[in-house]
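*Asks:* This one is query_29.tsv, TSV, C-alpha atoms.
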chain	number	residue	atom	x	y	z
N	61	MET	CA	80.56	116.17	105.33
N	62	ALA	CA	84.06	115.82	104.02
N	63	VAL	CA	86.23	118.82	103.43
N	64	CYS	CA	88.85	117.02	101.40
N	65	VAL	CA	88.97	113.62	99.72
N	66	ALA	CA	92.09	112.00	98.32
N	67	VAL	CA	92.82	108.72	96.57
N	68	ILE	CA	96.45	107.67	96.86
N	69	ALA	CA	97.97	104.96	94.70
N	70	LYS	CA	100.03	102.14	96.11
N	71	GLU	CA	103.23	103.94	95.14
N	72	ASN	CA	102.07	106.84	97.31
N	73	TYR	CA	101.29	109.41	94.67
N	74	PRO	CA	97.83	110.99	94.46
N	75	LEU	CA	95.42	109.66	91.88
N	76	TYR	CA	92.74	112.11	92.87
N	77	ILE	CA	92.63	114.91	95.38
N	78	ARG	CA	89.89	117.43	95.82
N	79	SER	CA	89.06	119.86	98.58
N	80	VAL	CA	86.22	122.22	99.22
N	81	PRO	CA	87.35	125.75	100.08
N	82	THR	CA	89.77	126.56	97.37
N	83	GLU	CA	91.87	129.05	99.29
N	84	SER	CA	93.55	126.63	101.69
N	85	GLU	CA	94.10	123.79	99.21
N	86	LEU	CA	97.80	123.54	99.96
N	87	LYS	CA	97.10	122.97	103.64
N	88	PHE	CA	94.87	120.00	102.78
N	89	HIS	CA	97.42	118.56	100.41
N	90	TYR	CA	100.00	118.78	103.16
N	91	MET	CA	97.67	117.13	105.67
N	92	VAL	CA	96.98	114.24	103.32
N	93	HIS	CA	100.70	113.87	102.71
N	94	THR	CA	101.50	113.68	106.41
N	95	SER	CA	98.63	111.27	107.04
N	96	LEU	CA	100.26	108.78	104.66
N	97	ASP	CA	102.88	108.07	107.32
N	98	VAL	CA	100.17	107.19	109.81
N	99	VAL	CA	98.50	104.96	107.25
N	100	ASP	CA	101.73	103.08	106.61
N	101	GLU	CA	102.24	102.67	110.33
N	102	LYS	CA	98.76	101.21	110.76
N	103	ILE	CA	99.20	98.85	107.83
N	104	SER	CA	102.44	97.43	109.17
N	105	ALA	CA	101.00	97.14	112.67
N	106	MET	CA	98.03	95.29	111.25
N	107	GLY	CA	100.24	92.83	109.45
N	108	LYS	CA	101.34	91.39	112.78
N	109	ALA	CA	97.90	91.29	114.38
N	110	LEU	CA	95.21	88.75	113.57
N	111	VAL	CA	93.32	89.03	110.32
N	112	ASP	CA	90.07	90.84	110.89
N	113	GLN	CA	87.26	91.75	108.54
N	114	ARG	CA	87.35	95.38	109.60
N	115	GLU	CA	90.91	95.75	108.39
N	116	LEU	CA	90.08	97.79	105.34
N	117	TYR	CA	88.79	100.73	107.37
N	118	LEU	CA	91.61	102.32	109.35
N	119	GLY	CA	89.58	104.75	111.40
N	120	LEU	CA	90.66	108.10	112.73
N	121	LEU	CA	94.24	108.69	111.71
N	122	TYR	CA	94.90	111.83	113.67
N	123	PRO	CA	92.87	114.77	114.90
N	124	THR	CA	94.05	118.35	114.62
N	125	GLU	CA	92.32	121.28	116.23
N	126	ASP	CA	90.12	122.02	113.22
N	127	TYR	CA	90.00	118.77	111.31
N	128	LYS	CA	89.91	115.02	111.69
N	129	VAL	CA	91.55	112.70	109.19
N	130	TYR	CA	90.19	109.24	108.41
N	131	GLY	CA	91.81	106.51	106.36
N	132	TYR	CA	90.85	103.37	104.44
N	133	VAL	CA	93.04	100.99	102.50
N	134	THR	CA	91.90	98.52	99.84
N	135	ASN	CA	93.25	95.06	99.07
N	136	SER	CA	95.21	96.55	96.22
N	137	LYS	CA	96.96	98.93	98.61
N	138	VAL	CA	95.16	101.98	97.27
N	139	LYS	CA	94.48	104.40	100.11
N	140	PHE	CA	91.56	106.70	100.59
N	141	VAL	CA	92.04	109.65	102.92
N	142	MET	CA	89.21	111.86	104.04
N	143	VAL	CA	89.47	115.10	105.99
N	144	VAL	CA	86.37	116.24	107.82
N	145	ASP	CA	85.60	119.38	109.74
N	146	SER	CA	85.84	118.89	113.51
N	147	SER	CA	83.19	121.48	114.16
N	148	ASN	CA	80.74	119.40	112.19
N	149	THR	CA	79.19	117.72	115.21
N	150	ALA	CA	79.85	114.03	115.59
N	151	LEU	CA	79.80	112.45	112.18
N	152	ARG	CA	79.25	108.93	113.37
N	153	ASP	CA	81.67	106.14	112.55
N	154	ASN	CA	79.03	104.38	110.47
N	155	GLU	CA	78.62	107.38	108.24
N	156	ILE	CA	82.34	107.59	107.63
N	157	ARG	CA	82.43	103.88	106.87
N	158	SER	CA	79.58	104.21	104.41
N	159	MET	CA	81.31	107.13	102.73
N	160	PHE	CA	84.44	105.03	102.32
N	161	ARG	CA	82.40	102.18	100.97
N	162	LYS	CA	80.90	104.46	98.34
N	163	LEU	CA	84.38	105.70	97.47
N	164	HIS	CA	85.63	102.14	97.12
N	165	ASN	CA	82.72	101.18	94.88
N	166	SER	CA	83.25	104.20	92.64
N	167	TYR	CA	86.98	103.56	92.49
N	168	THR	CA	86.32	99.96	91.44
N	169	ASP	CA	84.05	101.23	88.69
N	170	VAL	CA	86.79	103.58	87.50
N	171	MET	CA	89.26	100.68	87.46
N	172	CYS	CA	86.91	98.59	85.34
N	173	ASN	CA	86.53	101.34	82.78
N	174	PRO	CA	88.54	100.11	79.78
N	175	PHE	CA	89.50	103.66	78.85
N	176	TYR	CA	91.19	104.22	82.17
N	177	ASN	CA	94.86	103.27	82.47
N	178	PRO	CA	95.68	102.19	85.99
N	179	GLY	CA	98.10	104.70	87.43
N	180	ASP	CA	96.69	107.76	85.70
N	181	ARG	CA	94.91	110.56	87.49
N	182	ILE	CA	91.23	109.87	87.87
N	183	GLN	CA	89.25	112.10	85.55
N	184	SER	CA	85.95	110.27	85.53
N	185	ARG	CA	82.95	112.52	85.82
N	186	ALA	CA	80.95	109.86	87.63
N	187	PHE	CA	83.64	109.69	90.30
N	188	ASP	CA	83.67	113.50	90.50
N	189	SER	CA	79.93	113.73	91.02
N	190	MET	CA	80.01	111.01	93.69
N	191	VAL	CA	82.70	112.93	95.57
N	192	THR	CA	80.69	116.15	95.19
N	193	THR	CA	77.72	114.57	96.93
N	194	MET	CA	80.02	113.70	99.81
N	195	MET	CA	81.51	117.15	100.04
N	196	ILE	CA	78.39	119.31	100.14
N	197	GLN	CA	78.63	121.48	103.22
N	198	VAL	CA	75.79	121.29	105.66
N	199	CYS	CA	75.82	125.00	106.53
I	180	MET	CA	82.91	90.85	78.64
I	181	ARG	CA	80.45	90.23	81.36
I	182	VAL	CA	81.75	88.37	84.34
I	183	ARG	CA	79.86	87.44	87.41
I	184	SER	CA	81.57	88.92	90.44
I	185	ALA	CA	80.94	88.71	94.15
I	186	GLY	CA	79.21	91.87	95.27
I	187	ARG	CA	76.99	92.21	92.24
I	188	GLY	CA	73.35	91.07	92.26
I	189	GLY	CA	73.39	87.27	92.04
I	190	ALA	CA	75.35	84.97	94.31
I	191	PRO	CA	78.40	83.43	92.69
I	192	GLY	CA	77.46	80.12	91.18
I	193	ALA	CA	73.77	80.98	90.82
I	194	ARG	CA	72.12	79.73	87.67
I	195	GLY	CA	69.64	81.88	85.83
I	196	PRO	CA	70.25	85.14	83.97
I	197	GLY	CA	74.01	84.81	84.43
I	198	MET	CA	74.22	81.58	82.50
I	199	ALA	CA	74.71	83.20	79.13
I	200	ASP	CA	77.79	85.06	80.34
I	201	THR	CA	80.18	82.14	80.05
I	202	ALA	CA	79.02	81.22	76.56
I	203	LEU	CA	79.41	84.84	75.44
I	204	PHE	CA	82.90	85.03	76.81
I	205	GLU	CA	83.93	81.78	75.14
I	206	PHE	CA	82.63	82.95	71.77
I	207	LEU	CA	84.37	86.29	72.19
I	208	LEU	CA	87.67	84.65	73.04
I	209	THR	CA	87.41	82.28	70.08
I	210	GLU	CA	86.76	85.21	67.77
I	211	MET	CA	89.62	87.25	69.25
I	212	VAL	CA	92.04	84.41	68.66
I	213	ALA	CA	90.77	83.81	65.15
I	214	GLU	CA	90.89	87.50	64.27
I	215	LEU	CA	94.40	88.07	65.57
I	216	TRP	CA	95.66	85.00	63.75
I	217	ALA	CA	93.98	85.84	60.46
I	218	ARG	CA	95.40	89.35	60.47
I	219	ASP	CA	98.93	88.27	61.18
I	220	ARG	CA	99.09	85.61	58.55
I	221	ASP	CA	99.59	88.07	55.66
I	222	PRO	CA	102.28	90.54	56.74
I	223	ASP	CA	104.40	88.31	58.91
I	224	PRO	CA	103.87	84.57	58.80
I	225	GLY	CA	106.11	82.72	61.15
I	226	PRO	CA	107.04	82.74	64.80
I	227	ARG	CA	107.48	86.50	65.12
I	228	GLY	CA	103.97	87.28	63.96
I	229	GLN	CA	102.58	84.70	66.30
I	230	LYS	CA	104.38	86.25	69.22
I	231	THR	CA	102.73	89.63	68.57
I	232	SER	CA	99.29	88.06	68.63
I	233	LEU	CA	100.06	86.13	71.78
I	234	SER	CA	101.33	89.24	73.52
I	235	ALA	CA	98.29	91.22	72.35
I	236	LEU	CA	96.02	88.59	73.89
I	237	GLU	CA	98.10	88.50	77.04
I	238	GLY	CA	97.95	92.28	77.28
I	239	MET	CA	94.17	92.22	77.02
I	240	GLY	CA	94.01	89.59	79.73
I	241	PHE	CA	96.32	91.72	81.85
I	242	ARG	CA	94.03	94.76	81.76
I	243	VAL	CA	90.98	92.63	82.55
I	244	GLY	CA	92.86	90.94	85.36
I	245	GLN	CA	93.76	94.33	86.84
I	246	ALA	CA	90.10	95.34	86.94
I	247	LEU	CA	89.03	91.97	88.40
I	248	GLY	CA	91.78	92.17	90.99
I	249	GLU	CA	90.18	95.39	92.15
I	250	ARG	CA	86.58	94.29	92.08
I	251	LEU	CA	86.61	90.75	93.39
I	252	PRO	CA	88.51	91.03	96.70
I	253	ARG	CA	86.30	93.87	97.86
I	254	GLU	CA	84.56	92.08	100.67
I	255	LEU	CA	87.49	89.91	101.64
I	256	PRO	CA	89.95	90.67	104.43
I	257	ALA	CA	93.34	91.94	103.35
I	258	PHE	CA	95.88	89.43	102.05
I	259	ARG	CA	98.78	89.11	104.35
I	260	GLU	CA	101.15	87.09	102.23
I	261	GLU	CA	101.69	85.86	98.71
I	262	LEU	CA	100.11	82.52	99.38
I	263	ASP	CA	96.83	84.23	100.33
I	264	ALA	CA	96.83	86.07	97.03
I	265	LEU	CA	97.50	82.84	95.10
I	266	LYS	CA	94.73	81.08	96.98
I	267	PHE	CA	92.42	83.93	96.08
I	268	LEU	CA	93.34	83.41	92.41
I	269	CYS	CA	92.66	79.69	92.58
I	270	LYS	CA	89.41	79.88	94.46
I	271	ASP	CA	87.63	83.19	94.03
I	272	LEU	CA	88.94	84.44	90.68
I	273	TRP	CA	88.63	81.10	88.93
I	274	ALA	CA	85.20	80.47	90.43
I	275	ALA	CA	83.95	83.88	89.34
I	276	LEU	CA	85.20	83.40	85.79
I	277	PHE	CA	84.81	79.71	85.10
I	278	GLN	CA	82.42	78.54	87.82
I	279	LYS	CA	84.95	76.11	89.17
I	280	GLN	CA	88.03	76.32	91.30
I	281	MET	CA	91.55	75.48	90.27
I	282	ASP	CA	92.24	71.82	90.89
I	283	SER	CA	95.62	72.08	92.50
I	284	LEU	CA	98.15	74.64	93.64
I	285	ARG	CA	101.73	73.66	94.29
I	286	THR	CA	104.69	75.75	95.30
I	287	ASN	CA	108.36	75.39	95.90
I	288	HIS	CA	108.16	78.10	98.56
I	289	GLN	CA	110.72	80.09	96.64
I	290	GLY	CA	108.43	82.16	94.49
I	291	THR	CA	107.26	79.60	91.95
I	292	TYR	CA	103.70	78.34	91.96
I	293	VAL	CA	102.11	75.80	89.65
I	294	LEU	CA	98.36	76.01	89.25
I	295	GLN	CA	96.78	73.01	87.65
I	296	ASP	CA	93.35	72.80	86.12
I	297	ASN	CA	92.33	69.32	85.03
I	298	SER	CA	89.49	70.42	82.83
I	299	PHE	CA	89.95	74.01	81.83
I	300	PRO	CA	86.59	75.29	80.55
I	301	LEU	CA	88.07	77.16	77.60
I	302	LEU	CA	89.76	74.00	76.35
I	303	VAL	CA	86.99	71.56	77.14
I	304	ARG	CA	85.22	72.50	73.93
I	305	MET	CA	88.08	71.18	71.86
I	306	ALA	CA	88.88	67.50	71.58
I	307	SER	CA	90.18	65.88	74.71
I	308	GLY	CA	93.51	64.22	74.18
I	309	VAL	CA	96.54	65.38	72.25
I	310	GLN	CA	94.93	66.31	68.97
I	311	TYR	CA	95.02	70.11	69.31
I	312	VAL	CA	97.94	70.58	71.63
I	313	ASP	CA	99.59	73.02	69.20
I	314	GLU	CA	96.56	75.26	69.00
I	315	ALA	CA	95.93	75.35	72.72
I	316	PRO	CA	98.51	78.03	73.67
I	317	LYS	CA	96.57	80.65	71.72
I	318	PHE	CA	93.65	80.18	74.04
I	319	LEU	CA	95.79	80.18	77.11
I	320	ALA	CA	97.43	83.55	76.48
I	321	PHE	CA	94.39	85.44	77.74
I	322	PRO	CA	94.09	83.50	81.03
I	323	CYS	CA	97.83	83.96	81.60
I	324	GLY	CA	97.40	87.70	81.26
I	325	LEU	CA	94.39	87.52	83.54
I	326	LEU	CA	96.40	85.91	86.32
I	327	ARG	CA	99.28	88.35	85.84
I	328	GLY	CA	96.93	91.35	85.92
I	329	ALA	CA	95.12	90.24	89.04
I	330	LEU	CA	98.43	89.63	90.80
I	331	SER	CA	99.71	93.03	89.75
I	332	THR	CA	96.73	94.82	91.34
I	333	LEU	CA	97.42	92.87	94.49
I	334	GLY	CA	100.94	94.21	94.40
I	335	ILE	CA	102.82	91.16	93.12
I	336	ARG	CA	104.93	91.35	89.99
I	337	SER	CA	105.00	88.00	88.28
I	338	LEU	CA	105.53	86.09	85.09
I	339	VAL	CA	102.84	83.60	84.08
I	340	THR	CA	103.26	80.88	81.49
I	341	ALA	CA	100.96	78.04	80.56
I	342	SER	CA	101.62	74.55	79.34
I	343	VAL	CA	99.42	71.83	77.96
I	344	THR	CA	100.27	68.17	77.50
I	345	THR	CA	96.82	66.66	77.10
I	346	LEU	CA	93.66	68.65	76.65
I	347	PRO	CA	91.70	69.76	78.59
I	348	ALA	CA	94.15	69.74	81.48
I	349	CYS	CA	96.57	72.63	81.66
I	350	LYS	CA	99.12	74.06	84.04
I	351	PHE	CA	99.85	77.69	84.75
I	352	GLN	CA	103.23	78.48	86.17
I	353	VAL	CA	103.54	81.69	88.16
I	354	VAL	CA	107.02	82.96	88.94
I	355	ILE	CA	107.15	85.88	91.34
I	356	GLN	CA	109.62	88.53	90.27
I	357	LYS	CA	111.65	89.81	93.12
I	358	SER	CA	112.23	93.51	92.57
For the file at hand, write its structure as structure tokens.

*Replies:*
Amino acid sequence: MAVCVAVIAKENYPLYIRSVPTESELKFHYMVHTSLDVVDEKISAMGKALVDQRELYLGLLYPTEDYKVYGYVTNSKVKFVMVVDSSNTALRDNEIRSMFRKLHNSYTDVMCNPFYNPGDRIQSRAFDSMVTTMMIQVC
Amino acid sequence: MRVRSAGRGGAPGARGPGMADTALFEFLLTEMVAELWARDRDPDPGPRGQKTSLSALEGMGFRVGQALGERLPRELPAFREELDALKFLCKDLWAALFQKQMDSLRTNHQGTYVLQDNSFPLLVRMASGVQYVDEAPKFLAFPCGLLRGALSTLGIRSLVTASVTTLPACKFQVVIQKS
């Protein structure tokens, strides 16, 4: 399960960032920040390659010794970054993809909410509860 | 406003429970235009009052377009250039909203695009010909905002204007703003 989930707007500021163990929050924020460079690199590399359906999911961005960082970018250049625990044995690619798909669907619902101004921080409780289901620790 | 979008239950273009959506939207738009015009007549009759109503309608269309620009391209591969985004507007966005595609898209390859619809569904209900050409812009403000909003979610800043010479054909001109 995810340890930290972040939604980054196209201007590269966070719309939503939440992590599980509250003592090392700053470390996760920093990791998400550094992963943005990798995301940008992948997006520009993709622009030169052939168009492929799987483009939205960026895959493993970079592994550290404790954590793995995955990325996903939408057509509106909003990025989702997810940090998962490395020790959590082999979360399969499909599961990560399905988690990103759920994130994308919830984000679309937030966008369609007429009371939400695009560009604000996401404060929707439905979005929060969806992220909570993804962040429940197994142990 | 209920709009059929790819990714929801029914396939785009399917008849059945979705059929009432278009009629509801048309009635709502007619009422919005009528309401904004009736309110503005008393305090500020004249061109300035009209501009406020038009920009209110355009603003509403903008917000709706932003949401649609997020929801509709979900299953599609990423757009690699402006032309892809414009083609998405002409085909997918128009088909989802009005059950038909835009009739023609022209460009001067320097940031200006002209989208032409020969029988725009919101204008088809009025007389065809030149009888109501003066009233038509009120109903085109919302679609202009829609196009601008969808483009803005896709990352393109633009200015959209509409022109009508004979109903129900209309042209939308999209000028990309270089920032």

*Asks:* If you count all atoms listed in the file, which residues fall within 6 Å of I:Val354, apart from same-chain ones fewer than 4 positions away, as a CSV table (one decimal) with C-alpha atoms, in the coordinates of the input?

*Replies:*
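The result, stored in around.csv:
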chain,number,residue,atom,x,y,z
I,290,GLY,CA,108.4,82.2,94.5
I,291,THR,CA,107.3,79.6,92.0
I,337,SER,CA,105.0,88.0,88.3
I,338,LEU,CA,105.5,86.1,85.1

*Asks:* When the cut-off is 6 Å and we count only C-alpha atoms, which residues of chain N are near chain I, given as a PyMOL selection string?

*Replies:* chain N and resi 113+135-136+168+171-172

*Asks:* Would you save the residues of that selection, restricted to C-alpha atoms, as a PDB file, keeping the file's coordinate frame?

*Replies:*
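Written output follows (result-v6.pdb):
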ATOM      1  CA  GLN N 113      87.260  91.750 108.540  1.00  0.00           C
ATOM      2  CA  ASN N 135      93.250  95.060  99.070  1.00  0.00           C
ATOM      3  CA  SER N 136      95.210  96.550  96.220  1.00  0.00           C
ATOM      4  CA  THR N 168      86.320  99.960  91.440  1.00  0.00           C
ATOM      5  CA  MET N 171      89.260 100.680  87.460  1.00  0.00           C
ATOM      6  CA  CYS N 172      86.910  98.590  85.340  1.00  0.00           C
TER       7      CYS N 172
END

*Asks:* For I:Phe318, which residue among I:Gln280, I:Thr201, I:Gln295, I:Ser342 is the nearest when counting all atoms listed in the file?

*Replies:* I:Ser342

*Asks:* Take atom CA of N:Val98 and atom CA of N:Ser184 and report the distance between them in Å, one decimal.

*Replies:*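 Here the two named atoms are 28.3 Å from each other.
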
*Asks:* Would you compute the distance between atom CA of N:Val133 and atom CA of N:Gly179? Give it in Å to one decimal.

*Replies:*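 Computed distance, atom CA of N:Val133 to atom CA of N:Gly179, equals 16.3 Å.
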
*Asks:* Neighbouring residues of stretch 227-236 of chain I were defined as those with any atom within 7 Å, considering all atoms listed in the file; residues of the same chain fewer than 5 positions away were excluded. Please report them as a ChimeraX atom specification.

*Replies:* /I:215-216,219,317,320-321

*Asks:* Given the selection you just returned, output its residues as a file containing C-alpha atoms, formatted as an mmCIF file, in the coordinates of the input.

*Replies:*
data_model
loop_
_atom_site.group_PDB
_atom_site.id
_atom_site.type_symbol
_atom_site.label_atom_id
_atom_site.label_comp_id
_atom_site.auth_asym_id
_atom_site.auth_seq_id
_atom_site.Cartn_x
_atom_site.Cartn_y
_atom_site.Cartn_z
ATOM 1 C CA LEU I 215 94.400 88.070 65.570
ATOM 2 C CA TRP I 216 95.660 85.000 63.750
ATOM 3 C CA ASP I 219 98.930 88.270 61.180
ATOM 4 C CA LYS I 317 96.570 80.650 71.720
ATOM 5 C CA ALA I 320 97.430 83.550 76.480
ATOM 6 C CA PHE I 321 94.390 85.440 77.740
#
